[in-house]
Each structure stands twice: as structure tokens, then as C-alpha cells.
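Trainee: Structure supplied as input.csv; contents: CSV, C-alpha atoms.
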```csv
chain,number,residue,atom,x,y,z
W,1293,MET,CA,176.8,-47.7,24.6
W,1294,PRO,CA,174.0,-50.3,24.8
W,1295,LYS,CA,174.5,-53.6,26.5
W,1296,ARG,CA,175.3,-56.8,24.5
W,1297,LYS,CA,172.2,-58.6,23.1
W,1298,ASP,CA,173.9,-61.9,22.4
W,1299,PHE,CA,174.3,-63.1,26.0
W,1300,ILE,CA,173.2,-66.6,26.9
W,1301,SER,CA,170.0,-67.4,28.9
W,1302,TRP,CA,170.1,-68.9,32.4
W,1303,ASP,CA,169.1,-72.3,30.9
W,1304,GLU,CA,171.9,-72.1,28.4
W,1305,TYR,CA,174.4,-71.1,31.1
W,1306,PHE,CA,173.5,-73.9,33.5
W,1307,MET,CA,173.3,-76.6,30.8
W,1308,GLY,CA,176.6,-75.3,29.6
W,1309,ILE,CA,178.1,-75.9,33.0
W,1310,ALA,CA,176.5,-79.4,33.0
W,1311,MET,CA,178.1,-80.1,29.6
W,1312,LEU,CA,181.5,-78.7,30.7
W,1313,SER,CA,181.3,-80.9,33.8
W,1314,SER,CA,180.8,-83.9,31.5
W,1315,TYR,CA,184.3,-83.4,30.1
W,1316,ARG,CA,185.7,-84.5,33.5
W,1317,SER,CA,184.3,-88.0,32.8
W,1318,LYS,CA,186.8,-90.6,31.8
W,1319,ASP,CA,184.1,-92.9,30.3
W,1320,PRO,CA,185.2,-93.7,26.7
W,1321,ASN,CA,181.6,-94.0,25.5
W,1322,THR,CA,179.2,-91.8,27.5
W,1323,ARG,CA,179.9,-88.4,29.1
W,1324,VAL,CA,177.2,-86.9,31.2
W,1325,GLY,CA,177.3,-83.9,33.4
W,1326,ALA,CA,174.8,-82.4,35.9
W,1327,CYS,CA,174.3,-79.0,37.5
W,1328,ILE,CA,171.9,-78.4,40.4
W,1329,VAL,CA,170.6,-74.8,40.8
W,1330,ASN,CA,168.4,-73.2,43.4
W,1331,ASN,CA,165.5,-70.8,42.8
W,1332,LYS,CA,167.9,-67.8,43.0
W,1333,ASN,CA,170.0,-69.1,40.1
W,1334,ARG,CA,172.8,-70.1,42.4
W,1335,ILE,CA,174.7,-73.3,41.7
W,1336,MET,CA,174.4,-75.8,44.5
W,1337,SER,CA,176.4,-78.7,43.1
W,1338,MET,CA,177.8,-80.3,40.0
W,1339,GLY,CA,178.7,-83.9,39.0
W,1340,TYR,CA,179.7,-86.1,36.1
W,1341,ASN,CA,179.6,-89.9,35.5
W,1342,GLY,CA,182.5,-91.8,36.9
W,1343,PHE,CA,183.7,-94.3,39.5
W,1344,PRO,CA,183.3,-93.6,43.2
W,1345,MET,CA,186.3,-92.1,45.1
W,1346,GLY,CA,189.0,-94.7,45.8
W,1347,CYS,CA,188.0,-96.8,42.8
W,1348,SER,CA,190.7,-96.3,40.2
W,1349,ASP,CA,189.8,-95.3,36.6
W,1350,ASP,CA,192.6,-97.6,35.5
W,1351,GLU,CA,191.7,-100.7,37.5
W,1352,PHE,CA,187.9,-100.8,37.1
W,1353,PRO,CA,186.3,-101.8,33.7
W,1354,TRP,CA,185.0,-99.4,31.1
W,1355,GLU,CA,183.5,-102.2,29.0
W,1356,ARG,CA,179.8,-102.0,28.0
W,1357,ALA,CA,179.3,-105.6,27.1
W,1358,GLY,CA,180.1,-109.0,28.7
W,1359,GLU,CA,179.6,-110.4,32.2
W,1360,GLU,CA,178.0,-107.6,34.2
W,1361,TYR,CA,180.7,-107.8,36.8
W,1362,ASP,CA,183.3,-107.1,34.1
W,1363,THR,CA,181.4,-104.0,32.7
W,1364,LYS,CA,181.2,-100.4,33.9
W,1365,TYR,CA,177.5,-100.7,34.9
W,1366,PRO,CA,177.8,-102.0,38.5
W,1367,TYR,CA,180.5,-99.4,39.3
W,1368,VAL,CA,179.8,-96.1,37.6
W,1369,CYS,CA,178.0,-93.4,39.6
W,1370,HIS,CA,175.8,-91.3,37.3
W,1371,ALA,CA,176.2,-87.5,37.0
W,1372,GLU,CA,172.9,-86.8,38.8
W,1373,LEU,CA,173.8,-88.9,41.8
W,1374,ASN,CA,177.3,-87.5,41.9
W,1375,ALA,CA,175.9,-83.9,41.9
W,1376,ILE,CA,173.5,-84.8,44.7
W,1377,LEU,CA,176.2,-86.5,46.8
W,1378,ASN,CA,178.7,-83.6,46.0
W,1379,ALA,CA,176.2,-81.3,47.7
W,1380,ARG,CA,177.3,-82.9,51.0
W,1381,GLY,CA,173.9,-82.6,52.7
W,1382,THR,CA,173.1,-79.1,51.4
W,1383,ASN,CA,169.3,-78.6,51.2
W,1384,LEU,CA,168.3,-79.2,47.6
W,1385,GLU,CA,164.6,-78.8,48.2
W,1386,GLY,CA,162.9,-77.0,45.3
W,1387,CYS,CA,166.1,-76.9,43.1
W,1388,LYS,CA,166.4,-77.7,39.4
W,1389,ILE,CA,168.8,-80.1,37.9
W,1390,TYR,CA,170.3,-79.6,34.5
W,1391,VAL,CA,171.5,-82.8,32.9
W,1392,ALA,CA,172.6,-83.8,29.4
W,1393,LEU,CA,170.7,-87.2,29.4
W,1394,PHE,CA,167.3,-87.8,30.9
W,1395,PRO,CA,167.8,-89.5,34.3
W,1396,CYS,CA,167.6,-93.3,34.7
W,1397,ASN,CA,165.2,-94.7,37.2
W,1398,GLU,CA,167.8,-95.0,40.0
W,1399,CYS,CA,168.8,-91.3,39.6
W,1400,ALA,CA,165.1,-90.4,39.5
W,1401,LYS,CA,164.7,-91.9,43.0
W,1402,ALA,CA,167.6,-89.8,44.3
W,1403,ILE,CA,166.3,-86.7,42.6
W,1404,ILE,CA,162.9,-87.1,44.2
W,1405,GLN,CA,164.3,-88.0,47.6
W,1406,CYS,CA,166.5,-84.9,47.9
W,1407,GLY,CA,163.6,-82.6,46.9
W,1408,ILE,CA,164.6,-81.4,43.4
W,1409,LYS,CA,161.5,-80.3,41.7
W,1410,GLU,CA,162.5,-79.8,38.1
W,1411,VAL,CA,164.7,-81.7,35.6
W,1412,ILE,CA,165.9,-80.0,32.5
W,1413,TYR,CA,167.6,-82.3,29.9
W,1414,LEU,CA,169.0,-82.2,26.4
W,1415,SER,CA,168.6,-85.8,25.2
W,1416,ASP,CA,166.0,-88.5,25.9
W,1417,LYS,CA,167.7,-91.2,23.8
W,1418,TYR,CA,166.3,-94.0,26.0
W,1419,ASP,CA,162.7,-92.8,25.7
W,1420,GLY,CA,160.3,-95.7,26.0
W,1421,THR,CA,162.6,-98.1,27.7
W,1422,PRO,CA,161.4,-99.6,31.0
W,1423,GLY,CA,163.8,-97.6,33.1
W,1424,ASN,CA,162.9,-94.4,31.3
W,1425,ARG,CA,159.2,-95.0,31.6
W,1426,ALA,CA,159.7,-95.8,35.3
W,1427,SER,CA,161.6,-92.4,35.8
W,1428,LYS,CA,158.7,-90.5,34.2
W,1429,ARG,CA,156.1,-92.4,36.2
W,1430,MET,CA,157.9,-91.6,39.5
W,1431,PHE,CA,158.5,-88.0,38.5
W,1432,ASP,CA,154.8,-87.6,37.6
W,1433,ALA,CA,153.7,-89.2,40.9
W,1434,ALA,CA,156.1,-87.1,43.0
W,1435,GLY,CA,155.3,-83.8,41.2
W,1436,VAL,CA,158.8,-83.4,39.6
W,1437,SER,CA,158.5,-81.6,36.3
W,1438,TYR,CA,160.8,-82.3,33.4
W,1439,LYS,CA,161.4,-80.6,30.1
W,1440,LYS,CA,163.7,-81.0,27.1
W,1441,LEU,CA,165.8,-77.9,26.7
W,1442,GLU,CA,165.4,-76.5,23.2
W,1443,ILE,CA,168.4,-74.3,22.3
W,1444,ASP,CA,168.7,-72.3,19.1
W,1445,ARG,CA,172.5,-72.1,19.1
W,1446,ARG,CA,174.6,-75.2,18.3
W,1447,GLY,CA,177.2,-74.6,20.9
W,1448,ILE,CA,179.3,-72.1,22.9
W,1449,MET,CA,183.0,-71.8,22.3
W,1450,ILE,CA,185.2,-71.4,25.4
W,1451,ASP,CA,188.4,-69.5,24.5
W,1452,PHE,CA,191.2,-69.7,27.1
W,1453,THR,CA,193.3,-67.0,25.6
W,1454,VAL,CA,193.8,-63.9,27.7
W,1455,GLU,CA,193.5,-61.6,24.8
W,1456,ASN,CA,189.7,-62.2,24.7
W,1457,ILE,CA,189.0,-61.1,28.3
```
Please re-express this file's structure in C-alpha cells.

Mentor:
Amino acid sequence: MPKRKDFISWDEYFMGIAMLSSYRSKDPNTRVGACIVNNKNRIMSMGYNGFPMGCSDDEFPWERAGEEYDTKYPYVCHAELNAILNARGTNLEGCKIYVALFPCNECAKAIIQCGIKEVIYLSDKYDGTPGNRASKRMFDAAGVSYKKLEIDRRGIMIDFTVENI
């Protein structure tokens, strides 16, 4: 019997884990997940956007507009930074990070500082904004490559029924 030919690629697998991680986010508007992988295709860490530990999802604001203090922006930790912090000091030198949304300039700094060398993303919806341009400028200067992941399939269905195992 020949092996299956419809298996997913490593890029699809790790982006799938990043996307699945995004479902842990409680943000009503934006869900982003990240997955950090070493050069042996081993997962080093994962993260998603949300408030820091100890900051209640019910007490801090999720609003996108209004006085900055009363919006989510000063409080939310992005998926990339959460993945880096969740690594708890593990050496991330030379790793790749898979992330749904191209990193902001603040996350770009953290990515560079921890030694990640490649960013693979799905969406660059903020392309051309000052923060996005700053991210790319820093990545280019620091030798961090980045690429948009082009996937032929629309999605992957996860079925939790035991009959399909």
C-alpha cells in the first residue's frame, strides 16, 4: 500500500498551529497566533494575542476606539511577543516564527533581539503603514528574512470524533 499523498507541508503544519493558537485569543476583533520552530522542525513555543497574566479579560477594555487608556492597545500582548516570552529563556537563535499577521514594529524588535531569523506570515494587511515599514526596515537591516506563505488549500478541518482516528 503506498503512503498518503495528501499530507500537509511543514509550512502548512506550523501555520496551522499558529492559526489554532489564535483561537485561544479572547479579542472580539483580531485573533492572531504565533508558532516558533527551530531548524529541526521542532516547536519551541506558541502564543496568541491577549492580556498579560493577572490582567482579567473581563476587567480590561477590548475597545478599539476612544481614549487610548480605555482601549485594548496599551494592554494587549501580541502573539509574537507572547510566543517569545512563553519560551521562558529557551534559545531561539536561528528559529522561524509563523504568524498570521505581519509583525508590528514592537514585535519586530523582540523577534530580532531573540535571534529569530525568519518570519512566515499569511496577511500583510497593514502594508505601507509607518509601523509596517519600520518592521521591514529593521528586519532588512538585521538580516531577518520574511515571506508571505502561499497555500493552495483554503483550510484544514480538525475533526474531534474518535471514529476518524

Trainee: Give me the residues near Ser1415 (chain W) as a PyMOL selection string, where near means some atom within 8 Å (using only C-alpha atoms) and where sequence neighbours in that chain fewer than 5 positions away do not count.

Mentor: chain W and resi 1392-1394+1440

Trainee: Region 1401-1433 of chain W near region 1301-1317 of chain W within 12 Å: what's each residue's closest atom pair and its distance in Å to one decimal, counting all atoms listed in the file, ordered by chain then ascending residue number, as a tab-separated table?

Mentor:
```
residue	atom	partner	partner_atom	distance
W:Val1411	CA	W:Met1307	CA	11.1
W:Ile1412	CA	W:Met1307	CA	8.3
W:Tyr1413	CA	W:Met1307	CA	8.1
W:Leu1414	CA	W:Met1307	CA	8.3
W:Ser1415	CA	W:Met1307	CA	11.8
```

Trainee: Using only C-alpha atoms, find each residue in region 1298-1386 of chain W having at least one atom no more than 10 Å away from region 1404-1407 of chain W; report its shortest atom-to-atom pair and that distance in Å (one decimal), rows by chain then rising number, as CSV.

Mentor:
```
residue,atom,partner,partner_atom,distance
W:Ile1376,CA,W:Cys1406,CA,7.7
W:Leu1377,CA,W:Cys1406,CA,9.9
W:Gly1381,CA,W:Cys1406,CA,9.1
W:Thr1382,CA,W:Cys1406,CA,9.5
W:Asn1383,CA,W:Cys1406,CA,7.6
W:Leu1384,CA,W:Gly1407,CA,5.8
W:Glu1385,CA,W:Gly1407,CA,4.1
W:Gly1386,CA,W:Gly1407,CA,5.9
```

Trainee: In Å to one decimal, how far is CA of Pro1344 (chain W) from CA of Val1329 (chain W)?

Mentor: 22.8 Å

Trainee: Check the smallest atom-to-atom distance from each of W:Asn1330, W:Gly1339, W:Asp1319, W:Ala1402 to Tyr1367 (chain W) using all atoms listed in the file, then report the winner.

Mentor: W:Asp1319

Trainee: At a cut-off of 7 Å, using all atoms listed in the file, what residues contact Ala1375 (chain W)? Leave out same-chain residues fewer than 5 positions from it and give the result as a list in words.

Mentor: Ala1326, Cys1327, Ile1328, Ser1337, Met1338 and Gly1339 of chain W

Trainee: Write the residues of the selection above to a file with C-alpha atoms, as a compact mmCIF listing (two decimals), in the frame of the given file.

Mentor:
```txt
# COMPACT_ATOMS: atom_id res chain seq x y z
CA ALA W 1326 174.80 -82.40 35.90
CA CYS W 1327 174.30 -79.00 37.50
CA ILE W 1328 171.90 -78.40 40.40
CA SER W 1337 176.40 -78.70 43.10
CA MET W 1338 177.80 -80.30 40.00
CA GLY W 1339 178.70 -83.90 39.00
```

Trainee: If you count only C-alpha atoms, which residues fall within 8 Å of Ser1437 (chain W), apart from same-chain ones fewer than 3 positions away, as a list of chain:residue names?

Mentor: W:Lys1409, W:Glu1410, W:Val1411, W:Phe1431, W:Asp1432

Trainee: Between W:Ala1379, W:Ile1443, W:Ile1335, W:Ala1426, which one has atoms that come closest to Glu1398 (chain W), using all atoms listed in the file?

Mentor: W:Ala1426

Trainee: One number please: CA of Met1293 (chain W) to CA of Arg1334 (chain W), in Å, one decimal.

Mentor: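 CA of Met1293 (chain W) sits 28.9 Å away from CA of Arg1334 (chain W).
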
Trainee: By how many Å are CA of Asn1341 (chain W) and CA of Trp1354 (chain W) apart?

Mentor: 11.8 Å

Trainee: When you count all atoms listed in the file, which of these residues is closest to Asn1374 (chain W): W:Arg1296, W:Val1391, W:Val1454, W:Glu1351?

Mentor: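 Among the listed residues, the smallest separation from Asn1374 (chain W) belongs to W:Val1391.
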
Trainee: Is there a way to complete region 1389-1407 of chain W with N, CA, C and O atoms and then write that out as a PDB file, in the coordinates of the input?

Mentor:
```pdb
ATOM      1  N   ILE W1389     167.628 -79.473  38.346  1.00  0.00           N
ATOM      2  CA  ILE W1389     168.800 -80.100  37.900  1.00  0.00           C
ATOM      3  C   ILE W1389     168.903 -80.098  36.390  1.00  0.00           C
ATOM      4  O   ILE W1389     167.926 -80.416  35.716  1.00  0.00           O
ATOM      5  N   TYR W1390     170.034 -79.633  35.895  1.00  0.00           N
ATOM      6  CA  TYR W1390     170.300 -79.600  34.500  1.00  0.00           C
ATOM      7  C   TYR W1390     171.188 -80.808  34.159  1.00  0.00           C
ATOM      8  O   TYR W1390     172.221 -81.001  34.808  1.00  0.00           O
ATOM      9  N   VAL W1391     170.790 -81.608  33.186  1.00  0.00           N
ATOM     10  CA  VAL W1391     171.500 -82.800  32.900  1.00  0.00           C
ATOM     11  C   VAL W1391     171.437 -83.107  31.374  1.00  0.00           C
ATOM     12  O   VAL W1391     170.404 -82.846  30.752  1.00  0.00           O
ATOM     13  N   ALA W1392     172.526 -83.591  30.811  1.00  0.00           N
ATOM     14  CA  ALA W1392     172.600 -83.800  29.400  1.00  0.00           C
ATOM     15  C   ALA W1392     171.598 -84.942  28.950  1.00  0.00           C
ATOM     16  O   ALA W1392     170.931 -84.834  27.926  1.00  0.00           O
ATOM     17  N   LEU W1393     171.499 -85.988  29.735  1.00  0.00           N
ATOM     18  CA  LEU W1393     170.700 -87.200  29.400  1.00  0.00           C
ATOM     19  C   LEU W1393     169.598 -87.367  30.408  1.00  0.00           C
ATOM     20  O   LEU W1393     169.850 -87.256  31.615  1.00  0.00           O
ATOM     21  N   PHE W1394     168.392 -87.648  29.947  1.00  0.00           N
ATOM     22  CA  PHE W1394     167.300 -87.800  30.900  1.00  0.00           C
ATOM     23  C   PHE W1394     167.634 -88.887  31.919  1.00  0.00           C
ATOM     24  O   PHE W1394     168.195 -89.928  31.606  1.00  0.00           O
ATOM     25  N   PRO W1395     167.328 -88.621  33.183  1.00  0.00           N
ATOM     26  CA  PRO W1395     167.800 -89.500  34.300  1.00  0.00           C
ATOM     27  C   PRO W1395     167.197 -90.918  34.218  1.00  0.00           C
ATOM     28  O   PRO W1395     166.033 -91.119  33.863  1.00  0.00           O
ATOM     29  N   CYS W1396     168.034 -91.864  34.599  1.00  0.00           N
ATOM     30  CA  CYS W1396     167.600 -93.300  34.700  1.00  0.00           C
ATOM     31  C   CYS W1396     166.699 -93.374  35.958  1.00  0.00           C
ATOM     32  O   CYS W1396     166.592 -92.451  36.771  1.00  0.00           O
ATOM     33  N   ASN W1397     166.081 -94.529  36.125  1.00  0.00           N
ATOM     34  CA  ASN W1397     165.200 -94.700  37.200  1.00  0.00           C
ATOM     35  C   ASN W1397     165.875 -94.654  38.600  1.00  0.00           C
ATOM     36  O   ASN W1397     165.298 -94.184  39.587  1.00  0.00           O
ATOM     37  N   GLU W1398     167.120 -95.073  38.684  1.00  0.00           N
ATOM     38  CA  GLU W1398     167.800 -95.000  40.000  1.00  0.00           C
ATOM     39  C   GLU W1398     168.144 -93.542  40.328  1.00  0.00           C
ATOM     40  O   GLU W1398     167.983 -93.129  41.472  1.00  0.00           O
ATOM     41  N   CYS W1399     168.565 -92.756  39.360  1.00  0.00           N
ATOM     42  CA  CYS W1399     168.800 -91.300  39.600  1.00  0.00           C
ATOM     43  C   CYS W1399     167.513 -90.598  39.890  1.00  0.00           C
ATOM     44  O   CYS W1399     167.482 -89.666  40.701  1.00  0.00           O
ATOM     45  N   ALA W1400     166.429 -91.013  39.225  1.00  0.00           N
ATOM     46  CA  ALA W1400     165.100 -90.400  39.500  1.00  0.00           C
ATOM     47  C   ALA W1400     164.748 -90.536  40.952  1.00  0.00           C
ATOM     48  O   ALA W1400     164.238 -89.585  41.562  1.00  0.00           O
ATOM     49  N   LYS W1401     165.011 -91.687  41.532  1.00  0.00           N
ATOM     50  CA  LYS W1401     164.700 -91.900  43.000  1.00  0.00           C
ATOM     51  C   LYS W1401     165.483 -90.898  43.821  1.00  0.00           C
ATOM     52  O   LYS W1401     164.922 -90.294  44.739  1.00  0.00           O
ATOM     53  N   ALA W1402     166.768 -90.735  43.532  1.00  0.00           N
ATOM     54  CA  ALA W1402     167.600 -89.800  44.300  1.00  0.00           C
ATOM     55  C   ALA W1402     167.147 -88.367  44.111  1.00  0.00           C
ATOM     56  O   ALA W1402     167.116 -87.583  45.064  1.00  0.00           O
ATOM     57  N   ILE W1403     166.779 -88.006  42.892  1.00  0.00           N
ATOM     58  CA  ILE W1403     166.300 -86.700  42.600  1.00  0.00           C
ATOM     59  C   ILE W1403     165.046 -86.362  43.411  1.00  0.00           C
ATOM     60  O   ILE W1403     164.926 -85.309  44.049  1.00  0.00           O
ATOM     61  N   ILE W1404     164.125 -87.295  43.415  1.00  0.00           N
ATOM     62  CA  ILE W1404     162.900 -87.100  44.200  1.00  0.00           C
ATOM     63  C   ILE W1404     163.175 -87.043  45.669  1.00  0.00           C
ATOM     64  O   ILE W1404     162.670 -86.147  46.360  1.00  0.00           O
ATOM     65  N   GLN W1405     163.987 -87.945  46.173  1.00  0.00           N
ATOM     66  CA  GLN W1405     164.300 -88.000  47.600  1.00  0.00           C
ATOM     67  C   GLN W1405     164.921 -86.762  48.159  1.00  0.00           C
ATOM     68  O   GLN W1405     164.689 -86.381  49.298  1.00  0.00           O
ATOM     69  N   CYS W1406     165.758 -86.098  47.362  1.00  0.00           N
ATOM     70  CA  CYS W1406     166.500 -84.900  47.900  1.00  0.00           C
ATOM     71  C   CYS W1406     165.638 -83.636  47.681  1.00  0.00           C
ATOM     72  O   CYS W1406     166.056 -82.564  48.111  1.00  0.00           O
ATOM     73  N   GLY W1407     164.484 -83.731  47.025  1.00  0.00           N
ATOM     74  CA  GLY W1407     163.600 -82.600  46.900  1.00  0.00           C
ATOM     75  C   GLY W1407     163.725 -81.741  45.670  1.00  0.00           C
ATOM     76  O   GLY W1407     163.094 -80.688  45.564  1.00  0.00           O
TER      77      GLY W1407
END
```
